[in-house]
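Peer 1: After the structure tokens below, expect a handful of questions from me.
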Amino acid sequence: MDREIPRTPYKKPCFLDTLATRRWAGLGDGVRLETYGIATAPSDVRALFDLQNRPEGCWAWFEVLAATTLSSREEAFILALVDSQGLALAAMPVVLIDGQVTRGLTSPFTTLFCAPLGMSGNARLFGELLAGKVGATLKLDALDGTDPAVKALQEGLSAGDLAVLKFRHFANWFERIQDFPFYWDGRQSRLKAIVKRKAAPLLRQDRLRFDLIDMTVRWHEGADIYNAIYAKSWKPAEPHPRFIDALLEKLGPRGLARLAVAWIDGVPAAAQIWLVQDARATIFKLAHDPAFDGQSPGTLLTHWVLRRLHDQNGVCDVDFGRGDDSYKRLWLSSSRDRHGILAANPRSLKGMAAITFDILPSKFANYLRPGRVCANLRFEDTAP
């Protein structure tokens, strides 16, 4: 007979705990949650991530987040739903503080939280088991709200006796490009005029060059170029400065992170990081040197990379990451919402506070505005 899932968190792991698996009781037929350190997760759990075929879902992506974005109080672990034979069915990377699950392993860089939740039934059971590990509140963000597994996860958290709120997190601009000339012909005349007017004299005088850095041998050089341009740009300092170098080192050689540079008069004027896999690409991080504002190097580089990836790599599904910046509408014509989930434990004082001041007021506002997802909760977004 299975023992009841404990409602209190296990003790904070020590160093020796990361060397072995900690088991939590599950529901029926031996299905249970297991917890692994990032460094000790077994191969079948890691494979669940890589089988998603998305840069932001691969195992290396979460290794980078765990190594570069956590505070001194936070620890990253993998929760895995396994069957009676120990086979991993679903998994989620999470962050713990003082032994309590508090959030998914995301950061201001995350444009889509890709946890391998599997089929809806597994995702729902995962949510129900996960609910028993939430001491006060759990926040999951950057979610695809149309994914059936995400909906099932939310149902499972509710079935596990948590109060659950779905909220709008940020806008994500996207487009499906079947034919590049047709796509480009549909852009606003202002954008097309900038590309034509700015590029022509630079190319005619042999002053402009584009480059995709070979990340298998030059990732470090590429990171230095990007960081130098970013430091000169108008953008605020990165919240996690070690992230970019680690990302390019881990994902660059696999072709999942591409670094493109626009050179003017032999000087790097703009740099962009794109996340690419199969026929999908995310325009992830952009920066340009303000000294070259008159030449619009970022615009010229975006056009060049977009066409190259489409023509040479078959990329047709393109999105612009986080945020509703006006310039993104010039490039991509459709917008969708990424969502978040806030779940609170009513048996906790902090959980009750979240229910009282966040969840209930937001649900009431949604009741008055039927069919609209709550946008009252505010979380800081970082545009590319």
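Here's how to read the names in the structure tokens: chain A, B, ... by the order shown, residue numbers from 1 in each chain, ligand numbers from 1 in the order shown.
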Return as a tab-separated table the residues of stretch 329-351 of chain A lying at most 6 Å from stretch 173-194 of chain A, together with the closest atom-to-atom pair for each and the distance in Å to one decimal, counting only C-alpha atoms, with rows in chain order and ascending residue number.
Peer 2:
```
residue	atom	partner	partner_atom	distance
A:Leu332	CA	A:Glu175	CA	5.3
A:Ser334	CA	A:Phe174	CA	5.4
A:Ser335	CA	A:Trp173	CA	4.3
```
Peer 1: Let me see the file: selected residues, C-alpha atoms, as an mmCIF file, in the first residue's frame.
Peer 2:
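Contents of the output file part07.cif:
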```cif
data_model
loop_
_atom_site.group_PDB
_atom_site.id
_atom_site.type_symbol
_atom_site.label_atom_id
_atom_site.label_comp_id
_atom_site.auth_asym_id
_atom_site.auth_seq_id
_atom_site.Cartn_x
_atom_site.Cartn_y
_atom_site.Cartn_z
ATOM 1 C CA LEU A 332 6.638 39.459 -37.899
ATOM 2 C CA SER A 334 1.301 37.708 -35.583
ATOM 3 C CA SER A 335 1.398 37.820 -31.799
#
```
Peer 1: So that I can see what lies close to stretch 109-123 of chain A, please list as a PyMOL selection string the residues with an atom at most 8 Å from it, counting only C-alpha atoms and leaving out residues fewer than 2 positions away in the same chain.
Peer 2: chain A and resi 48-49+52+54+56-57+81+89-93+106-107+125-127+141-144+148-150+152-153+156+321-322+338+382
Peer 1: Which polymer residues have any atom within 7 Å of an atom of stretch 292-297 of chain A, counting only C-alpha atoms, with same-chain residues fewer than 5 positions away left out, as a PyMOL selection string?
Peer 2: chain A and resi 198+262+269-270
Peer 1: Would you give me, as a VMD selection string, the residues in stretch 89-241 of chain A that DSSP reads as strand (DSSP E)?
Peer 2: chain A and resid 89 to 97 100 to 104 137 to 144 163 to 176 208 to 212
Peer 1: Distance atom CA of A:Thr69-atom CA of A:Leu165, one decimal place?
Peer 2: 25.5 Å
Peer 1: Taking only C-alpha atoms into account, name the residue in A:Asp317, A:Asp358, A:Asp265, A:Asp206 that is nearest to A:Arg280.
Peer 2: A:Asp317
